[in-house]
$ cat data_2.cif   # mmCIF, C-alpha atoms
data_entry
#
loop_
_atom_site.label_atom_id
_atom_site.label_comp_id
_atom_site.auth_asym_id
_atom_site.auth_seq_id
_atom_site.Cartn_x
_atom_site.Cartn_y
_atom_site.Cartn_z
CA MET A 1 -6.43 16.70 22.28
CA LEU A 2 -2.92 15.78 23.35
CA ASP A 3 0.02 15.71 20.97
CA ILE A 4 -0.12 12.45 19.00
CA ALA A 5 3.42 11.23 19.74
CA VAL A 6 3.13 12.10 23.45
CA SER A 7 -0.26 10.45 23.84
CA TYR A 8 0.87 7.30 21.98
CA ASN A 9 3.64 6.65 24.49
CA ARG A 10 1.91 7.95 27.59
CA PHE A 11 -1.26 5.89 27.11
CA LYS A 12 -0.03 2.67 25.57
CA PHE A 13 -0.66 1.07 28.95
CA LEU A 14 -4.39 1.37 28.13
CA GLY A 15 -3.89 -1.02 25.21
CA TYR A 16 -2.04 -3.52 27.44
CA GLU A 17 -4.77 -3.28 30.09
CA PHE A 18 -7.43 -3.72 27.41
CA LEU A 19 -5.88 -6.99 26.20
CA THR A 20 -5.39 -8.23 29.77
CA TRP A 21 -9.04 -7.39 30.55
CA LEU A 22 -10.12 -9.03 27.28
CA TRP A 23 -8.42 -12.30 28.25
CA PHE A 24 -10.21 -12.11 31.61
CA VAL A 25 -13.53 -11.47 29.86
CA MET A 26 -12.99 -14.39 27.43
CA GLU A 27 -12.40 -16.66 30.42
CA ASN A 28 -14.98 -15.32 32.85
CA GLN A 29 -17.55 -12.94 31.38
CA ARG A 30 -18.40 -14.20 27.92
CA GLU A 31 -21.76 -12.41 27.98
CA ILE A 32 -19.84 -9.14 27.41
CA LEU A 33 -18.51 -10.59 24.14
CA LYS A 34 -22.01 -11.45 23.00
CA LYS A 35 -23.18 -7.91 23.85
CA SER A 36 -20.44 -6.52 21.59
CA ASP A 37 -21.50 -8.67 18.63
CA LYS A 38 -24.85 -10.38 18.42
CA GLU A 39 -23.64 -12.83 15.74
CA LEU A 40 -20.65 -13.91 17.80
CA VAL A 41 -20.36 -17.63 18.42
CA SER A 42 -16.97 -17.45 20.13
CA LEU A 43 -13.86 -15.36 20.66
CA ASP A 44 -10.82 -17.20 21.94
CA ILE A 45 -7.08 -16.88 22.21
CA GLY A 46 -5.43 -18.44 19.14
CA ASN A 47 -1.86 -19.51 18.80
CA ARG A 48 0.07 -16.62 20.30
CA ILE A 49 0.12 -14.43 23.38
CA VAL A 50 2.84 -11.94 24.28
CA LEU A 51 3.22 -10.51 27.77
CA GLU A 52 5.56 -7.89 29.17
CA ASN A 53 6.76 -7.28 32.68
CA ASN A 54 8.47 -4.05 33.66
CA LYS A 55 10.45 -4.46 36.83
CA ASN A 56 13.22 -2.27 38.19
CA ASP A 57 13.60 -0.39 34.88
CA ALA A 58 14.08 -3.68 32.98
CA THR A 59 11.57 -5.14 30.54
CA GLU A 60 10.95 -8.87 30.38
CA SER A 61 9.01 -10.18 27.37
CA ILE A 62 7.29 -13.57 27.39
CA THR A 63 5.91 -15.14 24.20
CA ILE A 64 3.69 -18.22 24.25
CA LYS A 65 3.24 -19.80 20.81
CA GLY A 66 1.61 -22.88 19.31
CA ASP A 67 -1.92 -24.05 18.54
CA LYS A 68 -2.25 -26.08 21.70
CA ALA A 69 -0.02 -23.85 23.80
CA GLY A 70 -0.89 -24.04 27.47
CA LEU A 71 -1.77 -20.64 28.83
CA GLU A 72 -0.67 -21.52 32.37
CA GLU A 73 2.66 -19.79 31.69
CA GLY A 74 0.68 -16.68 30.74
CA ILE A 75 -1.24 -16.72 34.00
CA LEU A 76 2.04 -17.27 35.84
CA SER A 77 3.45 -14.18 34.14
CA LEU A 78 0.35 -12.19 35.11
CA GLN A 79 0.89 -13.35 38.69
CA LYS A 80 4.41 -11.91 38.50
CA GLY A 81 3.02 -8.53 37.41
CA ALA A 82 3.06 -8.83 33.60
CA VAL A 83 0.43 -7.41 31.24
CA VAL A 84 -0.67 -8.70 27.84
CA THR A 85 0.91 -6.76 24.96
CA GLU A 86 -0.23 -8.85 21.98
CA LEU A 87 -2.88 -11.49 21.31
CA ASN A 88 -3.75 -13.81 18.47
CA LEU A 89 -7.52 -14.18 18.45
CA VAL A 90 -9.96 -16.53 16.77
CA TYR A 91 -13.44 -15.11 16.19
CA LYS A 92 -16.35 -17.25 15.02
CA ALA A 93 -19.72 -16.04 13.74
CA GLY A 94 -22.14 -18.49 12.13
CA ASP A 95 -20.01 -21.05 10.27
CA ASN A 96 -17.28 -18.53 9.58
CA GLU A 97 -13.94 -18.03 11.26
CA TRP A 98 -11.56 -15.05 11.41
CA ARG A 99 -8.01 -15.08 12.82
CA PHE A 100 -5.94 -12.01 13.63
CA ASN A 101 -3.30 -10.47 15.88
CA ILE A 102 -3.94 -7.34 17.88
CA LYS A 103 -1.14 -5.28 19.39
CA GLY A 104 -1.85 -3.45 22.64
CA GLU A 105 0.32 -0.37 22.18
CA SER A 106 -1.13 0.56 18.77
CA LEU A 107 -4.35 -1.51 18.56
CA ASN A 108 -3.05 -2.41 15.09
CA ILE A 109 -4.49 -5.52 13.49
CA SER A 110 -2.12 -7.83 11.64
CA SER A 111 -2.22 -11.27 9.98
CA LEU A 112 -5.98 -10.86 9.61
CA LYS A 113 -7.47 -13.86 7.82
CA THR A 114 -11.13 -13.70 6.93
CA PRO A 115 -13.44 -16.46 5.70
CA GLU A 116 -13.02 -17.13 1.97
CA THR A 117 -14.83 -14.91 -0.51
CA GLY A 118 -16.40 -16.03 -3.80
CA PRO A 119 -14.31 -16.56 -6.97
CA VAL A 120 -13.53 -13.54 -9.15
CA GLU A 121 -14.15 -13.97 -12.89
CA THR A 122 -15.59 -10.70 -14.15
CA GLN A 123 -15.21 -7.01 -13.31
CA GLU A 124 -18.53 -7.15 -11.42
CA ASP A 125 -17.20 -10.12 -9.43
CA ASN A 126 -14.15 -8.07 -8.56
CA GLU A 127 -16.22 -5.23 -7.11
CA ALA A 128 -18.45 -7.69 -5.25
CA ALA A 129 -15.37 -9.46 -3.82
CA LEU A 130 -13.95 -6.13 -2.69
CA LEU A 131 -17.16 -5.12 -0.95
CA GLU A 132 -17.43 -8.56 0.65
CA LYS A 133 -13.85 -8.29 1.91
CA VAL A 134 -14.55 -4.85 3.37
CA PHE A 135 -17.61 -6.26 5.12
CA LEU A 136 -15.56 -9.14 6.55
CA TYR A 137 -12.80 -6.80 7.80
CA GLU A 138 -15.38 -4.48 9.29
CA LYS A 139 -16.79 -7.32 11.41
CA ILE A 140 -13.48 -7.48 13.29
CA PHE A 141 -13.04 -3.71 13.60
CA VAL A 142 -16.59 -3.23 14.89
CA LEU A 143 -16.15 -6.08 17.39
CA MET A 144 -12.85 -4.69 18.68
CA ASN A 145 -14.21 -1.12 18.75
CA ASN A 146 -17.23 -2.23 20.77
CA LEU A 147 -15.09 -4.18 23.20
CA TYR A 148 -12.64 -1.29 23.58
CA LYS A 149 -15.52 1.12 24.09
CA HIS A 150 -16.86 -1.14 26.84
CA PHE A 151 -13.40 -1.33 28.44
CA ILE A 152 -12.90 2.46 28.33
CA SER A 153 -16.36 3.11 29.78
CA LEU A 154 -15.33 0.95 32.75
CA ARG A 155 -11.80 2.31 32.92
CA VAL A 156 -12.79 5.97 33.41
CA THR A 157 -15.21 5.19 36.23
CA GLY A 158 -14.84 4.06 39.83
CA ARG A 159 -16.18 0.63 38.84
CA TRP A 160 -12.77 -0.25 37.40
CA GLU A 161 -10.93 -0.14 40.74
CA LYS A 162 -13.96 -1.18 42.81
CA ASP A 163 -15.28 -4.20 40.84
CA ILE A 164 -13.21 -5.06 37.79
CA VAL A 165 -9.65 -5.01 39.10
CA PRO A 166 -10.50 -7.16 42.19
CA GLY A 167 -12.18 -9.67 39.80
CA ILE A 168 -9.11 -9.79 37.55
CA ARG A 169 -6.82 -10.13 40.59
CA LYS A 170 -8.90 -13.05 41.86
CA TRP A 171 -8.75 -14.75 38.43
CA ILE A 172 -4.99 -14.27 38.19
CA ALA A 173 -4.45 -15.67 41.68
CA SER A 174 -6.75 -18.67 41.18
CA MET B 1 -0.10 -5.00 0.70
CA SER B 2 -3.24 -5.81 -1.19
CA LEU B 3 -6.54 -5.67 0.61
CA LEU B 4 -7.49 -8.85 -1.26
CA SER B 5 -4.52 -10.83 0.15
CA SER B 6 -5.28 -13.91 2.20
CA SER B 7 -3.72 -12.23 5.23
CA VAL B 8 -3.62 -8.47 5.80
CA SER B 9 -2.33 -5.92 8.30
CA VAL B 10 -4.39 -2.80 8.84
CA THR B 11 -3.75 0.58 10.47
CA ARG B 12 -6.91 2.51 11.15
CA TYR B 13 -7.31 6.28 10.91
CA LYS B 14 -9.89 8.94 11.62
CA VAL B 15 -10.07 11.56 8.85
CA LYS B 16 -10.25 15.08 10.24
CA GLY B 17 -11.69 17.95 8.23
CA ASN B 18 -14.08 18.33 5.31
CA LEU B 19 -13.46 18.54 1.61
CA GLU B 20 -14.92 21.40 -0.40
CA LYS B 21 -17.59 20.56 -2.94
CA PRO B 22 -17.67 19.00 -5.50
CA VAL B 23 -16.01 16.38 -3.32
CA LEU B 24 -15.27 13.71 -5.94
CA GLU B 25 -13.68 16.28 -8.22
CA LYS B 26 -11.45 17.48 -5.35
CA ILE B 27 -10.39 13.91 -4.66
CA TYR B 28 -9.79 13.21 -8.34
CA ASN B 29 -7.60 16.34 -8.58
CA GLY B 30 -5.71 15.40 -5.40
CA LEU B 31 -5.02 11.93 -6.77
CA ARG B 32 -4.05 13.10 -10.26
CA GLN B 33 -1.78 15.90 -9.06
CA ASN B 34 0.00 13.56 -6.68
CA ALA B 35 -0.01 10.42 -8.80
CA ILE B 36 3.17 8.33 -8.82
CA GLN B 37 5.74 9.29 -11.46
CA GLU B 38 8.17 6.86 -13.01
CA ILE B 39 11.81 7.40 -11.99
CA ASP B 40 13.48 4.59 -13.93
CA ASN B 41 15.22 7.09 -16.22
CA ASP B 42 15.82 9.61 -13.49
CA PRO B 43 18.60 9.79 -10.86
CA LEU B 44 15.96 10.11 -8.09
CA GLU B 45 16.31 7.30 -5.53
CA LYS B 46 12.77 7.34 -4.13
CA ILE B 47 9.32 8.60 -5.08
CA ILE B 48 5.87 8.36 -3.50
CA GLY B 49 2.48 8.94 -5.05
CA TRP B 50 -1.04 7.67 -5.54
CA THR B 51 -1.95 4.93 -7.93
CA SER B 52 -5.10 3.07 -8.86
CA PHE B 53 -6.11 -0.10 -7.04
CA GLU B 54 -7.10 -1.89 -10.26
CA ASN B 55 -3.92 -1.17 -12.15
CA PRO B 56 -1.17 0.07 -9.85
CA TYR B 57 1.49 0.16 -12.60
CA ILE B 58 -0.49 2.49 -14.88
CA PRO B 59 -2.31 4.96 -12.60
CA ASP B 60 -5.72 5.90 -13.93
CA PHE B 61 -8.34 7.74 -11.91
CA GLU B 62 -10.67 8.59 -14.79
CA GLY B 63 -14.41 8.02 -14.55
CA SER B 64 -14.34 7.93 -10.72
CA SER B 65 -12.79 4.44 -10.99
CA PHE B 66 -11.65 4.86 -7.38
CA VAL B 67 -15.27 4.89 -6.13
CA ILE B 68 -16.49 1.41 -5.23
CA GLY B 69 -19.84 1.25 -3.45
CA PRO B 70 -19.75 3.72 -0.57
CA TYR B 71 -15.94 3.60 -0.41
CA LEU B 72 -13.00 5.24 -2.10
CA ILE B 73 -10.40 2.59 -2.85
CA PHE B 74 -6.96 3.45 -4.20
CA SER B 75 -3.32 2.80 -3.37
CA MET B 76 -0.14 4.54 -2.31
CA ARG B 77 2.93 3.50 -4.26
CA LEU B 78 6.44 3.94 -2.97
CA ASP B 79 9.15 3.27 -5.54
CA ARG B 80 12.69 2.97 -4.27
CA LYS B 81 15.97 2.19 -5.95
CA SER B 82 18.26 0.20 -3.80
CA ILE B 83 21.82 0.03 -5.00
CA PRO B 84 23.85 -2.64 -3.18
CA PRO B 85 26.62 -0.89 -1.14
CA LYS B 86 29.25 -3.16 -2.68
CA VAL B 87 28.27 -2.00 -6.18
CA ILE B 88 28.66 1.64 -5.07
CA GLN B 89 32.00 0.78 -3.46
CA LYS B 90 33.28 -0.84 -6.67
CA HIS B 91 32.30 2.02 -8.99
CA TYR B 92 33.51 4.60 -6.47
CA ALA B 93 36.95 2.95 -6.31
CA ILE B 94 37.17 2.78 -10.13
CA GLU B 95 36.17 6.43 -10.51
CA MET B 96 38.60 7.56 -7.76
CA ALA B 97 41.47 5.77 -9.49
CA ARG B 98 40.50 7.37 -12.82
CA GLN B 99 40.40 10.86 -11.29
CA LEU B 100 43.77 10.40 -9.54
CA GLU B 101 45.38 9.26 -12.76
CA LYS B 102 43.85 12.13 -14.71
CA SER B 103 45.02 14.74 -12.19
CA SER B 104 48.42 13.08 -11.52
CA ARG B 105 47.86 13.56 -7.82
CA LYS B 106 48.21 11.15 -4.92
CA TYR B 107 45.17 12.32 -2.96
CA LEU B 108 41.76 13.82 -3.56
CA SER B 109 40.14 16.37 -1.25
CA ARG B 110 37.14 15.45 0.90
CA ASN B 111 34.87 17.55 -1.35
CA GLU B 112 36.19 15.83 -4.48
CA LYS B 113 35.58 12.39 -2.92
CA LYS B 114 32.03 13.37 -1.98
CA SER B 115 31.36 14.72 -5.43
CA ILE B 116 32.66 11.48 -7.01
CA LYS B 117 30.45 9.39 -4.72
CA ASP B 118 27.36 11.49 -5.53
CA HIS B 119 28.14 11.19 -9.24
CA VAL B 120 28.57 7.40 -8.97
CA ILE B 121 25.22 7.07 -7.15
CA ASP B 122 23.49 9.29 -9.75
CA VAL B 123 24.88 7.24 -12.65
CA LEU B 124 23.97 3.94 -10.99
CA SER B 125 20.49 5.24 -10.12
CA LEU B 126 19.87 5.80 -13.84
CA ARG B 127 20.73 2.17 -14.55
CA ILE B 128 18.82 0.51 -11.71
CA PRO B 129 15.02 0.29 -11.91
CA ALA B 130 12.98 1.32 -8.87
CA THR B 131 11.25 -1.41 -6.86
CA PRO B 132 7.55 -0.59 -6.42
CA ASN B 133 5.79 -1.15 -3.09
CA ILE B 134 2.02 -0.86 -3.18
CA TYR B 135 -0.17 -0.19 -0.16
CA ASP B 136 -3.94 -0.21 -0.61
CA LEU B 137 -6.35 1.95 1.32
CA ILE B 138 -10.09 2.24 1.86
CA TRP B 139 -11.63 5.58 2.73
CA ASN B 140 -15.19 5.93 3.97
CA MET B 141 -15.86 9.64 3.56
CA GLU B 142 -19.30 9.55 5.11
CA GLU B 143 -18.04 8.01 8.34
CA SER B 144 -14.64 9.76 8.17
CA TRP B 145 -12.50 6.65 8.58
CA LEU B 146 -9.67 5.21 6.55
CA TRP B 147 -7.98 1.81 6.64
CA PHE B 148 -4.41 1.59 5.43
CA PHE B 149 -3.21 -1.89 4.60
CA SER B 150 0.19 -1.81 6.29
CA ASN B 151 1.50 -1.55 9.82
CA LEU B 152 4.95 -0.40 8.65
CA LYS B 153 5.88 2.80 10.47
CA ALA B 154 7.64 4.37 7.47
CA ALA B 155 4.77 3.58 5.08
CA ASN B 156 2.23 5.02 7.54
CA GLU B 157 4.27 8.21 7.96
CA GLU B 158 4.51 8.62 4.17
CA LEU B 159 0.74 8.10 3.89
CA GLU B 160 -0.01 10.77 6.50
CA THR B 161 2.20 13.30 4.67
CA LEU B 162 0.92 12.48 1.17
CA PHE B 163 -2.73 12.48 2.28
CA SER B 164 -2.43 15.87 3.94
CA LYS B 165 -0.60 17.32 0.90
CA SER B 166 -3.15 15.91 -1.55
CA PHE B 167 -6.47 16.61 0.17
CA ARG B 168 -5.66 19.19 2.89
CA LEU B 169 -7.16 16.79 5.45
CA SER B 170 -5.48 15.27 8.52
CA LEU B 171 -5.26 11.59 9.34
CA ILE B 172 -5.34 10.70 13.02
CA ARG B 173 -3.97 7.25 13.73
CA LEU B 174 -6.25 5.22 16.00
CA PHE B 175 -4.25 3.87 18.93
CA PRO B 176 -5.35 3.44 22.58
CA TYR B 177 -5.57 7.13 23.48
CA THR B 178 -7.07 8.43 20.20
CA THR B 179 -9.55 5.54 20.03
CA ALA B 180 -10.69 6.33 23.57
CA ASP B 181 -10.83 10.07 22.88
CA LEU B 182 -12.45 10.05 19.43
CA MET B 183 -14.29 6.75 19.02
CA SER B 184 -15.63 5.75 22.42
CA GLY B 185 -18.40 8.31 22.90
CA LEU B 186 -16.93 9.73 26.10
CA SER B 187 -18.41 12.85 27.69
CA ASP B 188 -16.18 15.88 28.29
CA ALA B 189 -15.97 14.91 31.97
CA ASP B 190 -14.90 11.37 31.03
CA ARG B 191 -12.28 12.81 28.67
CA ASP B 192 -10.81 14.78 31.56
CA LEU B 193 -10.73 11.59 33.63
CA LEU B 194 -9.06 9.77 30.73
CA LEU B 195 -6.19 12.27 30.81
CA GLN B 196 -5.61 11.53 34.48
CA LEU B 197 -5.42 7.73 34.18
CA SER B 198 -2.30 5.87 35.26
CA PRO B 199 -1.41 2.16 34.89
CA THR B 200 -3.32 -0.41 36.96
CA LYS B 201 -1.52 -2.95 39.12
CA PHE B 202 -3.17 -6.32 38.57
CA THR B 203 -1.20 -7.95 41.37
CA GLU B 204 -1.28 -6.96 45.03
#
$ encode --input "data_2.cif" --output "C-alpha cells"
Amino acid sequence: MLDIAVSYNRFKFLGYEFLTWLWFVMENQREILKKSDKELVSLDIGNRIVLENNKNDATESITIKGDKAGLEEGILSLQKGAVVTELNLVYKAGDNEWRFNIKGESLNISSLKTPETGPVETQEDNEAALLEKVFLYEKIFVLMNNLYKHFISLRVTGRWEKDIVPGIRKWIAS
Amino acid sequence: MSLLSSSVSVTRYKVKGNLEKPVLEKIYNGLRQNAIQEIDNDPLEKIIGWTSFENPYIPDFEGSSFVIGPYLIFSMRLDRKSIPPKVIQKHYAIEMARQLEKSSRKYLSRNEKKSIKDHVIDVLSLRIPATPNIYDLIWNMEESWLWFFSNLKAANEELETLFSKSFRLSLIRLFPYTTADLMSGLSDADRDLLLQLSPTKFTE
C-alpha cells in the first residue's frame, strides 16, 4: 500500500469524482441508491453543496447554501469544469431522517444528525441508547460504503470512460 | 465530542494488527497504563490519555466497563493549559524589571531572558487549570474498525499516536484511496488499476 500522506493527496480526486457521480446518480439513476440500501426511501442533496474548479493553477470554490437553494448554479459550475468537493445529504428510511455532510477529499462525515433515540433514565437505558445510536450511525456508513464500493468498481473498469462519463457529460450539458 | 450529541463528526479507521490473548486484559492494561493524568498542579502545558466514556473526569476501566455490546467504547482526553499571551507578557515584564534591579544592570542576556520567560510560563502553568477536551471512540474488534468522534486533524493525529503506543496496533484512516484499497473488495488486478487512475474530465 502507498504511503498514507502521499495517497491522501494523490487520490483525493477520487472523492470529488465520487460526490459528482453521486449527484448524477441521485438525479438520474436512483435504482443504484436502492441497491445500496434496501430500506432507503430517498437520498437527496440537503442545504449545502461545495464545488471546486482548478483552472490555470488557480482554485475557484463555489458554495451553494440554503434549504431551497437552486442547484442550477451547481450545474453551471460543473459545465465550467468544476467537481463536487462537499455535499450535505438527507437520507430517509421508513419514517426516519438522517442529515449529514460528506467531504470528498477525506470522506469524513460531519454534522451527522440521526433520528431521535429513546429517553435515558437508567443505566440500562444508557447502554440501550448507545447501541441504538451506533446502529443509526452505522446506517449512514454502510450506505456510503456501499455507494463508494459501487463507484470504485465502475471507476477501475473500462465502463467508467465508455458508459458512465458520457452519461454524466450529457446530464451536465442538459 | 460525545457520540450521544445531537450532531456528530466522525473519522473512520481500519484497525491493523491483532492483539495477543487475553484480548480484554491487553486492552484494559493499555487503557490503564495510558490513562489521562491530572496536570493542574504540574507545570506541564498539555497531556493526552484515555478516559472512560461514562465518567471522563474520573477514569475508571474496572470490570470491563468499556465493553458495551459488541463494541469497546471509551474516550481520548486532551487537557491543555492556555495562558493568554498578554498575561505572559505582563508577568515577564515584571520579572525582567525585578531581575534588572537585583543585578543593577541595564540589560539581560538572551539566555537570561529566555530563562525568565520559561520560569514565568512554568509558574503561571501551576496556577492555571487545564481545559479538558474529550473525544469519544467506538472500536469494533471483530470487524477491525474504529470510529473517532472528531474530524480535527490534531485530535486525529494524537489518537493515532496514543492508540499505537497503547495497543501496538495501527490505525489506518479511511479516505478515498484507503477506502478503495481496503474496503471495496478489489482484486489484486483492480488494485493495480487503482494506482494508475488519474482525474476524469467531466466536460469536453
$ residues_around --input "data_2.cif" --residues "Glu204 of chain B" --least-positions-apart "6" --cutoff "10 Å" --atoms "only C-alpha atoms" --output "list in words"
Gln79, Lys80, Gly81, Pro166, Arg169 and Ala173 of chain A
$ resolve_selection --input "data_2.cif" --expression "the PyMOL selection byres ((chain B and resi 72-85) around 6)" --output "PDB file with C-alpha atoms, in the coordinates of the input"
ATOM      1  CA  GLU B  45      16.310   7.300  -5.530  1.00  0.00           C
ATOM      2  CA  LYS B  46      12.770   7.340  -4.130  1.00  0.00           C
ATOM      3  CA  ILE B  47       9.320   8.600  -5.080  1.00  0.00           C
ATOM      4  CA  ILE B  48       5.870   8.360  -3.500  1.00  0.00           C
ATOM      5  CA  GLY B  49       2.480   8.940  -5.050  1.00  0.00           C
ATOM      6  CA  TRP B  50      -1.040   7.670  -5.540  1.00  0.00           C
ATOM      7  CA  THR B  51      -1.950   4.930  -7.930  1.00  0.00           C
ATOM      8  CA  SER B  52      -5.100   3.070  -8.860  1.00  0.00           C
ATOM      9  CA  PHE B  53      -6.110  -0.100  -7.040  1.00  0.00           C
ATOM     10  CA  PHE B  66     -11.650   4.860  -7.380  1.00  0.00           C
ATOM     11  CA  VAL B  67     -15.270   4.890  -6.130  1.00  0.00           C
ATOM     12  CA  TYR B  71     -15.940   3.600  -0.410  1.00  0.00           C
ATOM     13  CA  LYS B  86      29.250  -3.160  -2.680  1.00  0.00           C
ATOM     14  CA  VAL B  87      28.270  -2.000  -6.180  1.00  0.00           C
ATOM     15  CA  ILE B  88      28.660   1.640  -5.070  1.00  0.00           C
ATOM     16  CA  ALA B 130      12.980   1.320  -8.870  1.00  0.00           C
ATOM     17  CA  THR B 131      11.250  -1.410  -6.860  1.00  0.00           C
ATOM     18  CA  PRO B 132       7.550  -0.590  -6.420  1.00  0.00           C
ATOM     19  CA  ASN B 133       5.790  -1.150  -3.090  1.00  0.00           C
ATOM     20  CA  ILE B 134       2.020  -0.860  -3.180  1.00  0.00           C
ATOM     21  CA  TYR B 135      -0.170  -0.190  -0.160  1.00  0.00           C
ATOM     22  CA  ASP B 136      -3.940  -0.210  -0.610  1.00  0.00           C
ATOM     23  CA  LEU B 137      -6.350   1.950   1.320  1.00  0.00           C
ATOM     24  CA  ILE B 138     -10.090   2.240   1.860  1.00  0.00           C
ATOM     25  CA  TRP B 139     -11.630   5.580   2.730  1.00  0.00           C
TER      26      TRP B 139
END
$ resolve_selection --input "data_2.cif" --expression "the PyMOL selection byres ((chain B) within 10 of (chain A))" --output "ChimeraX atom specification"
/B:3-12,54,68-71,73,138,147,149-151,172-186,189-204
$ resolve_selection --input "data_2.cif" --expression "the PyMOL selection byres ((chain A and resi 41-43) around 6)" --output "list in words"
Leu40, Asp44, Val90, Tyr91, Lys92 and Ala93 of chain A
$ atom_distance --input "data_2.cif" --atom1 "atom CA of Arg105 of chain B" --atom2 "atom CA of Leu126 of chain B"
29.7 Å
$ axis_aligned_box --input "data_2.cif" --around "segment 128-131 of chain A" --padding-each-side "3 Å" --output "AutoDock Vina command-line options"
--center_x -16.2 --center_y -7.3 --center_z -3.1 --size_x 10.5 --size_y 10.3 --size_z 10.3
$ decode --input "data_2.cif" --residues "segment 63-77 of chain B" --atoms "N, CA and C atoms" --output "PDB file, in the first residue's frame"
ATOM      1  N   GLY B  63     -13.754  -3.712  35.705  1.00  0.00           N
ATOM      2  CA  GLY B  63     -14.922  -4.540  35.394  1.00  0.00           C
ATOM      3  C   GLY B  63     -15.323  -4.476  33.925  1.00  0.00           C
ATOM      4  N   SER B  64     -14.339  -4.286  33.030  1.00  0.00           N
ATOM      5  CA  SER B  64     -14.610  -4.193  31.585  1.00  0.00           C
ATOM      6  C   SER B  64     -15.732  -3.196  31.294  1.00  0.00           C
ATOM      7  N   SER B  65     -15.748  -2.076  32.025  1.00  0.00           N
ATOM      8  CA  SER B  65     -16.811  -1.077  31.843  1.00  0.00           C
ATOM      9  C   SER B  65     -16.772  -0.451  30.458  1.00  0.00           C
ATOM     10  N   PHE B  66     -15.664  -0.661  29.737  1.00  0.00           N
ATOM     11  CA  PHE B  66     -15.535  -0.095  28.389  1.00  0.00           C
ATOM     12  C   PHE B  66     -16.142  -1.009  27.322  1.00  0.00           C
ATOM     13  N   VAL B  67     -16.635  -2.184  27.746  1.00  0.00           N
ATOM     14  CA  VAL B  67     -17.253  -3.118  26.788  1.00  0.00           C
ATOM     15  C   VAL B  67     -18.768  -2.916  26.817  1.00  0.00           C
ATOM     16  N   ILE B  68     -19.316  -2.488  25.688  1.00  0.00           N
ATOM     17  CA  ILE B  68     -20.768  -2.295  25.604  1.00  0.00           C
ATOM     18  C   ILE B  68     -21.266  -3.045  24.368  1.00  0.00           C
ATOM     19  N   GLY B  69     -22.017  -4.111  24.616  1.00  0.00           N
ATOM     20  CA  GLY B  69     -22.451  -4.956  23.491  1.00  0.00           C
ATOM     21  C   GLY B  69     -21.219  -5.496  22.791  1.00  0.00           C
ATOM     22  N   PRO B  70     -21.206  -5.460  21.454  1.00  0.00           N
ATOM     23  CA  PRO B  70     -20.038  -5.994  20.753  1.00  0.00           C
ATOM     24  C   PRO B  70     -18.919  -4.948  20.582  1.00  0.00           C
ATOM     25  N   TYR B  71     -19.112  -3.782  21.200  1.00  0.00           N
ATOM     26  CA  TYR B  71     -18.169  -2.676  20.976  1.00  0.00           C
ATOM     27  C   TYR B  71     -17.348  -2.348  22.212  1.00  0.00           C
ATOM     28  N   LEU B  72     -16.196  -1.726  21.949  1.00  0.00           N
ATOM     29  CA  LEU B  72     -15.412  -1.123  23.031  1.00  0.00           C
ATOM     30  C   LEU B  72     -15.642   0.374  22.903  1.00  0.00           C
ATOM     31  N   ILE B  73     -16.105   0.991  23.961  1.00  0.00           N
ATOM     32  CA  ILE B  73     -16.408   2.421  23.905  1.00  0.00           C
ATOM     33  C   ILE B  73     -15.640   3.118  25.033  1.00  0.00           C
ATOM     34  N   PHE B  74     -14.747   4.016  24.647  1.00  0.00           N
ATOM     35  CA  PHE B  74     -14.030   4.819  25.633  1.00  0.00           C
ATOM     36  C   PHE B  74     -13.665   6.150  24.975  1.00  0.00           C
ATOM     37  N   SER B  75     -12.887   6.964  25.661  1.00  0.00           N
ATOM     38  CA  SER B  75     -12.631   8.315  25.143  1.00  0.00           C
ATOM     39  C   SER B  75     -11.157   8.680  25.251  1.00  0.00           C
ATOM     40  N   MET B  76     -10.748   9.591  24.377  1.00  0.00           N
ATOM     41  CA  MET B  76      -9.416  10.181  24.496  1.00  0.00           C
ATOM     42  C   MET B  76      -9.615  11.566  25.098  1.00  0.00           C
ATOM     43  N   ARG B  77      -8.804  11.875  26.097  1.00  0.00           N
ATOM     44  CA  ARG B  77      -8.912  13.216  26.693  1.00  0.00           C
ATOM     45  C   ARG B  77      -7.615  13.977  26.472  1.00  0.00           C
TER      46      ARG B  77
END
